[in-house]
file final16.cif (mmCIF, C-alpha atoms)
data_entry
loop_
_atom_site.label_atom_id
_atom_site.label_comp_id
_atom_site.auth_asym_id
_atom_site.auth_seq_id
_atom_site.Cartn_x
_atom_site.Cartn_y
_atom_site.Cartn_z
CA MET S 1 117.74 91.93 123.95
CA ALA S 2 114.64 92.54 121.79
CA ALA S 3 115.05 94.77 118.74
CA PHE S 4 112.95 97.69 117.53
CA VAL S 5 112.53 97.25 113.75
CA ARG S 6 110.90 99.49 111.17
CA VAL S 7 111.02 100.00 107.40
CA SER S 8 111.35 103.51 105.97
CA GLY S 9 111.18 104.64 102.36
CA PRO S 10 113.26 107.24 100.49
CA PRO S 11 113.17 110.81 101.93
CA ASN S 12 109.82 112.52 101.15
CA GLY S 13 108.73 109.53 99.10
CA HIS S 14 106.85 106.27 99.22
CA PHE S 15 108.82 103.01 99.24
CA LEU S 16 106.87 101.67 96.22
CA ILE S 17 108.54 103.12 93.11
CA GLY S 18 107.33 102.60 89.56
CA TYR S 19 103.98 101.32 88.34
CA PRO S 20 103.16 97.61 88.84
CA GLY S 21 101.86 96.14 85.60
CA ILE S 22 103.98 98.45 83.42
CA SER S 23 107.34 96.76 82.89
CA ALA S 24 109.11 99.86 81.51
CA THR S 25 108.86 101.54 84.94
CA MET S 26 110.61 98.61 86.65
CA PRO S 27 108.29 98.53 89.71
CA ARG S 28 110.20 98.02 92.93
CA ILE S 29 110.17 98.64 96.67
CA GLU S 30 113.10 100.74 97.92
CA GLY S 31 113.95 101.71 101.46
CA LYS S 32 115.95 100.65 104.45
CA VAL S 33 115.41 98.39 107.44
CA GLU S 34 116.21 100.26 110.67
CA ILE S 35 117.14 98.23 113.77
CA ARG S 36 117.52 99.90 117.17
CA PRO S 37 117.46 98.77 120.82
CA SER S 38 113.86 98.52 122.06
CA VAL S 39 114.51 98.21 125.82
CA GLY S 40 117.01 100.65 127.29
CA ILE S 41 118.23 103.24 124.87
CA THR S 42 121.82 101.99 124.74
CA ALA S 43 121.47 98.25 125.38
CA PRO S 44 123.07 96.48 122.38
CA VAL S 45 120.98 94.13 120.24
CA ASN S 46 122.30 90.69 119.28
CA VAL S 47 121.86 90.21 115.51
CA SER S 48 122.87 87.09 113.56
CA LEU S 49 120.88 87.42 110.32
CA VAL S 50 118.46 89.90 108.69
CA THR S 51 116.35 89.18 105.59
CA ILE S 52 113.42 90.92 103.89
CA ALA S 53 110.82 89.60 101.46
CA LEU S 54 107.51 90.71 99.95
CA HIS S 55 104.76 88.23 100.86
CA ARG S 56 101.36 87.88 99.20
CA ARG S 57 98.46 86.43 101.14
CA GLU S 58 95.34 85.49 99.20
CA THR S 59 92.09 84.24 100.71
CA ILE S 60 88.62 83.35 99.44
CA HIS S 61 85.39 82.54 101.25
CA PRO S 62 82.56 82.72 98.68
CA SER S 63 79.83 82.25 101.31
CA ALA S 64 81.07 84.97 103.69
CA ASP S 65 78.42 87.43 102.44
CA SER S 66 75.55 85.18 103.61
CA MET S 67 75.10 84.38 107.31
CA ALA S 68 73.04 81.26 106.50
CA LYS S 69 75.59 79.77 104.08
CA LYS S 70 78.61 80.88 106.08
CA ARG S 71 78.03 78.33 108.84
CA LEU S 72 77.61 75.42 106.41
CA ALA S 73 80.28 76.38 103.88
CA PRO S 74 83.87 75.07 103.93
CA PRO S 75 86.36 77.28 105.83
CA ARG S 76 88.25 80.17 104.28
CA LYS S 77 90.83 79.03 101.73
CA GLU S 78 94.22 80.72 101.92
CA ILE S 79 97.56 80.73 100.14
CA ASN S 80 100.73 82.58 101.17
CA ASP S 81 103.78 82.93 98.94
CA ILE S 82 106.83 85.12 98.37
CA VAL S 83 106.69 87.65 95.51
CA GLY S 84 110.00 87.72 93.65
CA LYS S 85 112.96 86.78 95.86
CA GLU S 86 113.89 87.05 99.52
CA MET S 87 116.84 89.40 100.07
CA LEU S 88 119.65 88.78 102.55
CA LEU S 89 120.55 92.09 104.22
CA PHE S 90 123.02 91.04 106.93
CA ARG S 91 124.79 87.92 108.17
CA CYS S 92 127.33 87.94 111.00
CA PRO S 93 130.86 86.69 110.20
CA ALA S 94 131.57 82.94 110.22
CA GLY S 95 132.49 81.58 113.62
CA ARG S 96 130.40 84.14 115.53
CA GLU S 97 126.93 83.46 116.86
CA TYR S 98 125.85 87.13 116.67
CA GLU S 99 127.03 90.73 116.51
CA GLU S 100 126.28 93.18 119.33
CA VAL S 101 124.72 96.11 117.51
CA ILE S 102 123.75 99.59 118.70
CA LEU S 103 122.34 100.80 115.37
CA MET S 104 121.73 99.21 112.00
CA ASP S 105 120.42 100.76 108.74
CA LEU S 106 120.23 98.22 105.90
CA PRO S 107 119.22 99.56 102.44
CA PHE S 108 117.27 97.21 100.19
CA VAL S 109 115.43 97.07 96.88
CA LEU S 110 112.84 94.38 96.11
CA PHE S 111 111.90 94.12 92.45
CA ILE S 112 108.25 93.31 91.81
CA PRO S 113 108.03 90.79 88.91
CA PHE S 114 107.11 92.57 85.69
CA GLY S 115 107.37 89.78 83.08
CA ARG S 116 104.39 88.72 81.01
CA SER S 117 102.41 85.82 82.47
CA GLY S 118 104.08 82.56 81.49
CA THR S 119 104.80 79.12 82.82
CA ASP S 120 107.08 80.45 85.56
CA ALA S 121 104.74 81.79 88.26
CA SER S 122 107.55 83.78 89.92
CA ARG S 123 107.76 86.04 86.83
CA ARG S 124 104.06 86.87 86.68
CA VAL S 125 102.93 90.38 87.51
CA PRO S 126 101.26 90.08 90.93
CA PRO S 127 97.54 91.01 91.13
CA ALA S 128 96.53 94.27 92.80
CA SER S 129 95.62 94.52 96.49
CA LEU S 130 91.88 94.00 96.84
CA GLN S 131 89.32 93.30 99.52
CA LEU S 132 85.80 92.51 98.33
CA PRO S 133 82.83 93.24 100.64
CA SER S 134 82.51 90.70 103.51
CA ARG S 135 86.07 89.56 102.60
CA THR S 136 84.71 87.02 100.09
CA ALA S 137 88.04 87.49 98.26
CA GLU S 138 91.20 89.25 99.38
CA THR S 139 94.73 89.89 98.14
CA TYR S 140 97.07 91.31 100.77
CA TYR S 141 100.77 92.23 100.54
CA GLU S 142 103.26 92.81 103.32
CA MET S 143 107.00 93.17 103.71
CA VAL S 144 108.29 90.61 106.20
CA VAL S 145 111.60 91.38 107.94
CA THR S 146 113.16 88.36 109.66
CA VAL S 147 115.70 89.08 112.41
CA GLN S 148 117.64 86.13 113.79
CA GLN S 149 119.07 86.92 117.26
CA GLY S 150 121.37 84.07 118.18
CA GLN S 151 120.42 80.41 117.67
CA SER S 152 117.30 80.38 119.80
CA GLU S 153 115.41 83.57 118.95
CA GLN S 154 113.94 84.52 115.58
CA ASN S 155 111.42 87.36 115.17
CA LYS S 156 109.37 88.40 112.14
CA TYR S 157 108.11 91.95 111.62
CA HIS S 158 105.24 92.66 109.21
CA PHE S 159 104.68 95.90 107.25
CA PRO S 160 101.63 96.09 104.91
CA VAL S 161 102.18 97.36 101.35
CA PRO S 162 99.20 98.42 99.18
CA ILE S 163 99.82 97.51 95.53
CA SER S 164 97.80 98.85 92.57
CA ARG S 165 98.01 97.72 88.93
CA TYR S 166 98.25 100.26 86.13
CA ASP S 167 97.96 98.13 82.99
CA THR S 168 94.17 98.65 82.70
CA LEU S 169 94.19 102.47 82.50
CA SER S 170 91.42 103.63 80.17
CA THR S 171 93.80 106.15 78.53
CA PHE S 172 95.93 103.42 76.90
CA GLY S 173 95.51 103.27 73.13
CA MET S 174 94.67 99.55 73.05
CA TYR S 175 91.40 100.25 74.93
CA SER S 176 90.39 103.04 72.52
CA ARG S 177 90.06 100.76 69.49
CA PRO S 178 86.36 100.07 68.78
CA GLU S 179 85.08 96.60 69.67
CA THR S 180 82.21 95.03 67.72
CA ALA S 181 80.06 91.91 68.13
CA GLU S 182 77.05 90.31 66.37
CA ARG S 183 74.37 87.72 67.18
CA VAL S 184 71.52 86.33 65.03
CA SER S 185 68.02 85.31 66.19
CA ASP S 186 65.99 82.68 64.25
CA HIS S 187 67.89 83.60 61.05
CA LEU S 188 65.63 86.69 60.93
CA VAL S 189 67.30 89.47 62.89
CA THR S 190 70.96 90.36 63.49
CA LEU S 191 71.93 92.32 66.62
CA GLY S 192 75.19 94.21 66.25
CA ILE S 193 76.94 96.39 68.83
CA SER S 194 79.95 98.68 68.69
CA LEU S 195 81.89 100.04 71.69
CA PRO S 196 84.09 103.12 71.00
CA ARG S 197 86.32 102.13 73.94
CA TRP S 198 86.24 99.24 76.38
CA SER S 199 88.02 100.22 79.62
CA TYR S 200 86.02 102.12 82.22
CA GLY S 201 86.43 103.44 85.76
CA PRO S 202 84.08 104.84 88.41
CA LEU S 203 81.58 107.44 87.02
CA ASP S 204 82.97 107.05 83.46
CA PRO S 205 80.31 107.31 80.71
CA VAL S 206 79.69 104.02 78.86
CA SER S 207 78.21 104.37 75.37
CA VAL S 208 77.33 101.65 72.86
CA TRP S 209 75.96 101.72 69.31
CA VAL S 210 73.18 99.16 68.82
CA LYS S 211 71.89 98.03 65.41
CA LEU S 212 69.11 95.56 64.62
CA ALA S 213 69.10 94.48 60.97
CA PRO S 214 66.67 92.14 59.15
CA ASN S 215 67.91 89.17 57.11
CA PRO S 216 67.34 90.21 53.45
CA ASP S 217 66.69 86.55 52.47
CA TRP S 218 63.74 86.34 54.91
CA MET S 219 62.42 89.88 54.53
CA ASN S 220 58.70 88.96 54.65
CA LYS S 221 59.09 87.22 58.01
CA ALA S 222 61.51 89.84 59.33
CA ARG S 223 58.95 92.62 58.68
CA LYS S 224 56.61 90.96 61.23
CA VAL S 225 59.18 91.30 64.02
CA THR S 226 58.48 94.04 66.58
CA ILE S 227 61.26 95.54 68.70
CA ASN S 228 59.69 95.91 72.16
CA LYS S 229 62.65 97.26 74.12
CA ILE S 230 66.43 97.19 74.35
CA THR S 231 68.22 96.80 77.69
CA ILE S 232 71.89 97.37 78.45
CA GLY S 233 73.66 96.59 81.68
CA ILE S 234 77.01 95.83 83.27
CA ASP S 235 77.55 92.47 84.99
CA GLU S 236 80.30 91.59 87.46
CA GLU S 237 81.33 87.94 87.44
CA VAL S 238 83.53 86.64 90.25
CA VAL S 239 84.94 83.13 89.73
CA TYR S 240 86.25 81.63 92.97
CA ASN S 241 88.87 78.87 92.79
CA HIS S 242 89.01 79.35 89.00
CA GLU S 243 92.07 77.09 88.60
CA GLY S 244 90.69 74.38 90.93
CA ASP S 245 88.37 71.39 90.59
CA GLU S 246 85.12 73.13 91.49
CA PRO S 247 85.08 76.76 90.34
CA GLN S 248 82.21 78.77 91.81
CA ARG S 249 80.68 81.66 89.84
CA LYS S 250 78.78 84.61 91.24
CA ILE S 251 77.21 87.06 88.79
CA LYS S 252 75.87 90.43 89.92
CA THR S 253 74.27 93.13 87.76
CA LEU S 254 75.83 96.46 88.76
CA ILE S 255 73.60 98.73 86.65
CA LYS S 256 70.85 98.27 84.07
CA ARG S 257 69.00 100.60 81.71
CA THR S 258 66.01 99.93 79.44
CA GLU S 259 64.94 101.86 76.35
CA ALA S 260 61.34 101.27 75.20
CA VAL S 261 61.14 101.06 71.39
CA GLY S 262 57.79 99.48 70.35
CA VAL S 263 58.26 99.65 66.55
CA LYS S 264 58.24 97.13 63.71
CA LEU S 265 61.68 96.27 62.39
CA PRO S 266 62.30 98.66 59.44
CA ASP S 267 63.70 97.29 56.18
CA ALA S 268 66.79 99.44 56.63
CA GLY S 269 67.24 98.21 60.22
CA TYR S 270 67.06 100.07 63.52
CA MET S 271 69.98 101.97 65.03
CA THR S 272 70.33 103.73 68.36
CA GLU S 273 73.06 104.88 70.73
CA MET S 274 72.59 103.94 74.36
CA GLY S 275 74.62 104.94 77.37
CA LEU S 276 74.94 104.73 81.12
CA VAL S 277 77.36 105.84 83.80
CA PHE S 278 79.62 103.23 85.39
CA PRO S 279 78.59 102.97 89.06
CA ALA S 280 80.87 104.25 91.81
CA LYS S 281 81.06 103.34 95.47
CA ASP S 282 80.31 106.18 97.89
CA LEU S 283 83.45 106.42 100.01
CA ARG S 284 81.94 108.76 102.61
CA ASP S 285 79.82 107.64 105.54
CA ALA S 286 76.33 108.92 106.47
CA GLU S 287 77.84 112.09 107.96
CA GLY S 288 79.88 112.85 104.87
CA ILE S 289 83.18 111.90 106.47
CA LEU S 290 85.82 109.97 104.56
CA PRO S 291 86.80 107.06 106.83
CA ARG S 292 90.46 106.28 107.50
CA GLY S 293 91.80 103.91 104.85
CA LYS S 294 93.21 100.49 105.63
CA PRO S 295 97.02 100.47 105.38
CA ALA S 296 97.11 97.32 103.21
CA PHE S 297 94.43 98.35 100.69
CA PRO S 298 94.31 101.41 98.42
CA THR S 299 91.04 103.36 98.62
CA TYR S 300 89.10 102.79 95.39
CA ALA S 301 85.73 104.23 94.37
CA VAL S 302 84.77 100.77 93.05
CA SER S 303 84.24 97.60 95.07
CA GLY S 304 86.01 95.46 92.46
CA PHE S 305 87.88 95.71 89.14
CA THR S 306 89.20 93.41 86.41
CA THR S 307 91.82 91.18 88.01
CA THR S 308 93.09 87.60 87.97
CA ALA S 309 94.62 86.14 91.13
CA SER S 310 95.50 82.53 92.02
CA LEU S 311 92.27 81.77 93.92
CA TYR S 312 89.81 84.06 92.14
CA LYS S 313 89.26 86.26 89.11
CA ILE S 314 86.87 89.14 88.47
CA GLU S 315 85.53 89.83 84.99
CA TYR S 316 83.04 92.37 83.65
CA TYR S 317 80.60 92.19 80.75
CA LEU S 318 78.50 94.77 78.95
CA THR S 319 75.18 93.00 78.27
CA VAL S 320 72.91 94.20 75.43
CA LYS S 321 69.55 92.46 75.00
CA ALA S 322 66.91 93.09 72.34
CA HIS S 323 63.38 92.00 73.41
CA LEU S 324 61.48 91.01 70.26
CA THR S 325 58.02 89.78 69.23
CA SER S 326 57.74 87.10 66.46
CA ALA S 327 61.40 86.23 66.99
CA ARG S 328 63.49 85.08 69.91
CA ASP S 329 65.20 87.69 72.08
CA ILE S 330 68.88 88.29 71.27
CA GLN S 331 71.60 88.95 73.85
CA ILE S 332 75.28 89.85 73.55
CA ARG S 333 77.68 89.69 76.51
CA GLN S 334 80.73 91.70 75.53
CA PRO S 335 83.79 91.54 77.83
CA ILE S 336 84.98 94.94 79.08
CA VAL S 337 87.83 96.03 81.35
CA VAL S 338 87.11 97.83 84.62
CA CYS S 339 89.88 100.07 85.95
CA PRO S 340 89.93 101.23 89.59
CA PHE S 341 90.64 104.81 88.44
CA ASP S 342 88.35 107.11 86.47
CA HIS S 343 89.32 108.56 83.07
CA THR S 344 90.54 111.88 84.56
CA ASP S 345 92.85 110.11 87.03
CA CYS S 346 94.15 107.88 84.24
CA LYS S 347 95.05 110.95 82.15
CA GLU S 348 96.89 112.51 85.09
CA GLU S 349 98.92 109.33 85.64
CA MET S 350 100.16 109.09 82.03
CA GLU S 351 102.82 111.81 82.34
CA ALA S 352 104.09 110.38 85.64
CA ILE S 353 104.28 106.90 84.10
CA GLU S 354 106.37 108.22 81.19
CA GLN S 355 108.72 110.00 83.61
CA SER S 356 109.01 106.84 85.74
CA ALA S 357 109.90 104.83 82.63
CA ARG S 358 112.63 107.35 81.74
CA ASP S 359 114.05 107.11 85.28
CA ALA S 360 113.97 103.29 85.18
CA VAL S 361 116.28 103.15 82.13
CA HIS S 362 119.27 103.69 84.43
CA ILE S 363 118.32 100.88 86.84
CA ASN S 364 120.12 97.55 86.53
CA PRO S 365 117.95 94.86 88.18
CA ASP S 366 121.00 92.60 88.64
CA ASN S 367 123.00 95.33 90.39
CA PRO S 368 120.76 98.20 91.56
CA MET S 369 123.67 100.14 93.18
CA LEU S 370 122.38 100.33 96.76
CA PRO S 371 123.93 102.65 99.37
CA LEU S 372 126.24 100.91 101.84
CA PRO S 373 124.67 99.60 105.06
CA SER S 374 125.28 101.61 108.21
CA ILE S 375 126.16 99.39 111.20
CA VAL S 376 127.34 100.69 114.58
CA ARG S 377 128.58 97.93 116.90
CA ALA S 378 128.64 98.12 120.69
CA GLY S 379 132.46 98.22 120.77
CA ASP S 380 132.79 101.03 118.18
CA ARG S 381 134.30 104.30 119.31
CA HIS S 382 131.66 107.02 119.67
CA ALA S 383 128.92 104.38 119.26
CA LEU S 384 126.64 106.18 121.73
CA ARG S 385 126.93 109.41 119.75
CA HIS S 386 124.86 107.81 116.97
CA LEU S 387 122.00 107.38 119.45
CA GLY S 388 122.29 110.97 120.69
CA VAL S 389 123.85 109.98 124.03
CA ALA S 390 127.13 110.96 125.73
CA ILE S 391 128.80 109.72 128.95
CA VAL S 392 129.30 112.56 131.41
CA GLY S 393 130.90 111.58 134.73
CA HIS S 394 129.99 107.88 134.33
CA GLN S 395 126.39 108.83 133.53
CA LYS S 396 124.60 108.68 130.19
CA LYS S 397 123.15 112.06 129.23
CA PRO S 398 121.34 113.28 126.08
CA LEU S 399 123.88 114.69 123.62
CA ILE S 400 123.29 118.39 122.86
CA ASN S 401 125.22 119.65 119.88
#

call {"tool": "encode", "arguments": {"input": "final16.cif", "output": "structure tokens"}}
result
Amino acid sequence: MAAFVRVSGPPNGHFLIGYPGISATMPRIEGKVEIRPSVGITAPVNVSLVTIALHRRETIHPSADSMAKKRLAPPRKEINDIVGKEMLLFRCPAGREYEEVILMDLPFVLFIPFGRSGTDASRRVPPASLQLPSRTAETYYEMVVTVQQGQSEQNKYHFPVPISRYDTLSTFGMYSRPETAERVSDHLVTLGISLPRWSYGPLDPVSVWVKLAPNPDWMNKARKVTINKITIGIDEEVVYNHEGDEPQRKIKTLIKRTEAVGVKLPDAGYMTEMGLVFPAKDLRDAEGILPRGKPAFPTYAVSGFTTTASLYKIEYYLTVKAHLTSARDIQIRQPIVVCPFDHTDCKEEMEAIEQSARDAVHINPDNPMLPLPSIVRAGDRHALRHLGVAIVGHQKKPLIN
């Protein structure tokens, strides 16, 4: 008899608990696997074995965004692996092929790896769920429940799980320390930049201090240099198959701004503050309606963010370029972090993250103290009562309390 299987989370809560990427919150998936008869309300289900695991599927197809290249390019590359460990929820006693079950509720907790990236891939924090436009790169998570029903029949049930990462929040102190960089052109001019912070989300303001200074040892030549304009921009660089033999890079400029200067380089140097707003994706359609989200992918106001997966990685750079006369142009590409949440959302999450970390102190990953499974077998007394059915005069009737 086929089984009806579903996964439910804690009452009034989501089954993903904690914040992936922040080890103190001990990120985990909690819930229970519910097994019921699918054909005939009281027909028992034969169950030999039940397991659950979190699977990650990752695919890349760098040419998917071009119809011309798509036909000539190699097919989509895919990997599928288990995140953490598979969990055994039920096994029938030795010597029996299966148990005849009327109802089965099996609590589980799957810990999402939260160790720092190291040699052991199973301990690495998994990358966030992401689907780039045209599915050029995709990371997809799902819980897979395997139900063995006797020796011949095995069924798998798939339940998508959207996973976000919270270790790039722009409110963390490490991203608020100023970052500086310098480049020199023809030994005459030094371009220096300073970023007050270096993690940004959709519609966050991005400001940068820019300084052009002459080389005091070559002052006569440096005075002839004219600053024509200064441009700043944000580049997105996607590296496909970055751990493989032939990595493929795609660089796209998300936003660019130019400031016309047109002055000779002063002896004291030239300083200016430039800024732009990090671009955001419009989530609404032409009629202003927010489309229904995909169950496996969180809805972000950015198309991509800083992430490193097995088959691809996405990096962002703030590019500052000084266009000069009588000296070569100077350019600095400074790495920045792009967070899928804006600064306001990041602030709102901080208190919840702290509370989640306090709650996680009492969790023992080796023995998470799960509730006992609830199993009602076909031969149990009052078994039908659990399904809301009673036998009245040899007929099955709905049970009315």

call {"tool": "atom_distance", "arguments": {"input": "final16.cif", "atom1": "atom CA of S:Leu290", "atom2": "atom CA of S:Ser170"}}
result
25.8 Å

call {"tool": "resolve_selection", "arguments": {"input": "final16.cif", "expression": "the PyMOL selection byres ((chain S and resi 50-65) around 7)", "output": "PyMOL selection string"}}
result
chain S and resi 49+66-67+69-70+73+76-83+85-91+134-148+240+311

call {"tool": "closest_residue", "arguments": {"input": "final16.cif", "among": "S:Ala378, S:Leu203, S:Ala213, S:Leu195", "to": "S:Ile255", "atoms": "all atoms listed in the file"}}
result
S:Leu203

call {"tool": "closest_residue", "arguments": {"input": "final16.cif", "among": "S:Leu106, S:Leu324, S:Met271, S:Ala286", "to": "S:Pro371", "atoms": "all atoms listed in the file"}}
result
S:Leu106

call {"tool": "closest_residue", "arguments": {"input": "final16.cif", "among": "S:Phe297, S:Phe111, S:Phe341, S:Tyr98", "to": "S:Pro20", "atoms": "all atoms listed in the file"}}
result
S:Phe111

call {"tool": "atom_distance", "arguments": {"input": "final16.cif", "atom1": "atom CA of S:Lys229", "atom2": "atom CA of S:Ala268"}}
result
18.1 Å

call {"tool": "atom_distance", "arguments": {"input": "final16.cif", "atom1": "atom CA of S:Thr253", "atom2": "atom CA of S:Lys281"}}
result
14.5 Å

call {"tool": "residues_near_point", "arguments": {"input": "final16.cif", "point": "(116.2, 96.7, 87.6)", "cutoff": "10 Å", "atoms": "all atoms listed in the file", "output": "ChimeraX atom specification"}}
result
/S:24-28,109-112,360-369

call {"tool": "closest_residue", "arguments": {"input": "final16.cif", "among": "S:His14, S:Arg36, S:Arg183, S:Lys347", "to": "S:Ala2", "atoms": "all atoms listed in the file"}}
result
S:Arg36

call {"tool": "residues_around", "arguments": {"input": "final16.cif", "residues": "S:Val238", "least_positions_apart": "5", "cutoff": "9 Å", "atoms": "only C-alpha atoms", "output": "list of chain:residue names"}}
result
S:Gln248, S:Arg249, S:Lys250, S:Ile251, S:Lys252, S:Tyr312, S:Lys313, S:Ile314, S:Glu315, S:Tyr316

call {"tool": "resolve_selection", "arguments": {"input": "final16.cif", "expression": "the PyMOL selection byres ((chain S and resi 230-232) around 7)", "output": "ChimeraX atom specification"}}
result
/S:229,233,256-260,319-323

call {"tool": "write_last_selection", "arguments": {"input": "final16.cif", "atoms": "C-alpha atoms", "output": "compact mmCIF listing (two decimals), in the coordinates of the input"}}
result
# COMPACT_ATOMS: atom_id res chain seq x y z
CA LYS S 229 62.65 97.26 74.12
CA GLY S 233 73.66 96.59 81.68
CA LYS S 256 70.85 98.27 84.07
CA ARG S 257 69.00 100.60 81.71
CA THR S 258 66.01 99.93 79.44
CA GLU S 259 64.94 101.86 76.35
CA ALA S 260 61.34 101.27 75.20
CA THR S 319 75.18 93.00 78.27
CA VAL S 320 72.91 94.20 75.43
CA LYS S 321 69.55 92.46 75.00
CA ALA S 322 66.91 93.09 72.34
CA HIS S 323 63.38 92.00 73.41

call {"tool": "residues_around", "arguments": {"input": "final16.cif", "residues": "S:Val45", "least_positions_apart": "3", "cutoff": "10 Å", "atoms": "only C-alpha atoms", "output": "mmCIF file with C-alpha atoms, in the frame of the given file"}}
result
data_model
loop_
_atom_site.group_PDB
_atom_site.id
_atom_site.type_symbol
_atom_site.label_atom_id
_atom_site.label_comp_id
_atom_site.auth_asym_id
_atom_site.auth_seq_id
_atom_site.Cartn_x
_atom_site.Cartn_y
_atom_site.Cartn_z
ATOM 1 C CA MET S 1 117.740 91.930 123.950
ATOM 2 C CA ALA S 2 114.640 92.540 121.790
ATOM 3 C CA ALA S 3 115.050 94.770 118.740
ATOM 4 C CA PHE S 4 112.950 97.690 117.530
ATOM 5 C CA ILE S 35 117.140 98.230 113.770
ATOM 6 C CA ARG S 36 117.520 99.900 117.170
ATOM 7 C CA PRO S 37 117.460 98.770 120.820
ATOM 8 C CA SER S 38 113.860 98.520 122.060
ATOM 9 C CA VAL S 39 114.510 98.210 125.820
ATOM 10 C CA THR S 42 121.820 101.990 124.740
ATOM 11 C CA SER S 48 122.870 87.090 113.560
ATOM 12 C CA TYR S 98 125.850 87.130 116.670
ATOM 13 C CA GLU S 99 127.030 90.730 116.510
ATOM 14 C CA GLU S 100 126.280 93.180 119.330
ATOM 15 C CA VAL S 101 124.720 96.110 117.510
ATOM 16 C CA ILE S 102 123.750 99.590 118.700
ATOM 17 C CA LEU S 103 122.340 100.800 115.370
ATOM 18 C CA MET S 104 121.730 99.210 112.000
ATOM 19 C CA GLN S 149 119.070 86.920 117.260
ATOM 20 C CA ARG S 377 128.580 97.930 116.900
ATOM 21 C CA ALA S 378 128.640 98.120 120.690
#

call {"tool": "decode", "arguments": {"input": "final16.cif", "residues": "stretch 258-269 of chain S", "atoms": "N, CA and C atoms", "output": "mmCIF file, in the first residue's frame"}}
result
data_model
loop_
_atom_site.group_PDB
_atom_site.id
_atom_site.type_symbol
_atom_site.label_atom_id
_atom_site.label_comp_id
_atom_site.auth_asym_id
_atom_site.auth_seq_id
_atom_site.Cartn_x
_atom_site.Cartn_y
_atom_site.Cartn_z
ATOM 1 N N THR S 258 30.542 58.653 -13.124
ATOM 2 C CA THR S 258 31.723 59.427 -13.532
ATOM 3 C C THR S 258 31.620 60.839 -12.981
ATOM 4 N N GLU S 259 32.735 61.329 -12.433
ATOM 5 C CA GLU S 259 32.813 62.707 -11.954
ATOM 6 C C GLU S 259 33.851 63.443 -12.784
ATOM 7 N N ALA S 260 33.410 64.464 -13.546
ATOM 8 C CA ALA S 260 34.348 65.260 -14.357
ATOM 9 C C ALA S 260 35.143 66.183 -13.434
ATOM 10 N N VAL S 261 36.467 66.220 -13.628
ATOM 11 C CA VAL S 261 37.321 67.036 -12.762
ATOM 12 C C VAL S 261 37.959 68.163 -13.585
ATOM 13 N N GLY S 262 38.823 67.811 -14.562
ATOM 14 C CA GLY S 262 39.412 68.790 -15.478
ATOM 15 C C GLY S 262 40.307 69.818 -14.812
ATOM 16 N N VAL S 263 41.134 69.400 -13.842
ATOM 17 C CA VAL S 263 42.079 70.339 -13.209
ATOM 18 C C VAL S 263 43.477 69.726 -13.212
ATOM 19 N N LYS S 264 44.479 70.627 -13.152
ATOM 20 C CA LYS S 264 45.866 70.173 -12.991
ATOM 21 C C LYS S 264 46.027 69.593 -11.591
ATOM 22 N N LEU S 265 46.935 68.643 -11.461
ATOM 23 C CA LEU S 265 47.148 68.008 -10.163
ATOM 24 C C LEU S 265 47.787 69.006 -9.204
ATOM 25 N N PRO S 266 47.106 69.404 -8.123
ATOM 26 C CA PRO S 266 47.698 70.382 -7.184
ATOM 27 C C PRO S 266 48.894 69.772 -6.446
ATOM 28 N N ASP S 267 49.754 70.633 -5.942
ATOM 29 C CA ASP S 267 50.919 70.159 -5.183
ATOM 30 C C ASP S 267 50.495 69.396 -3.933
ATOM 31 N N ALA S 268 49.379 69.843 -3.341
ATOM 32 C CA ALA S 268 48.914 69.189 -2.111
ATOM 33 C C ALA S 268 48.092 67.942 -2.415
ATOM 34 N N GLY S 269 47.845 67.652 -3.696
ATOM 35 C CA GLY S 269 47.036 66.501 -4.070
ATOM 36 C C GLY S 269 45.570 66.894 -4.233
#
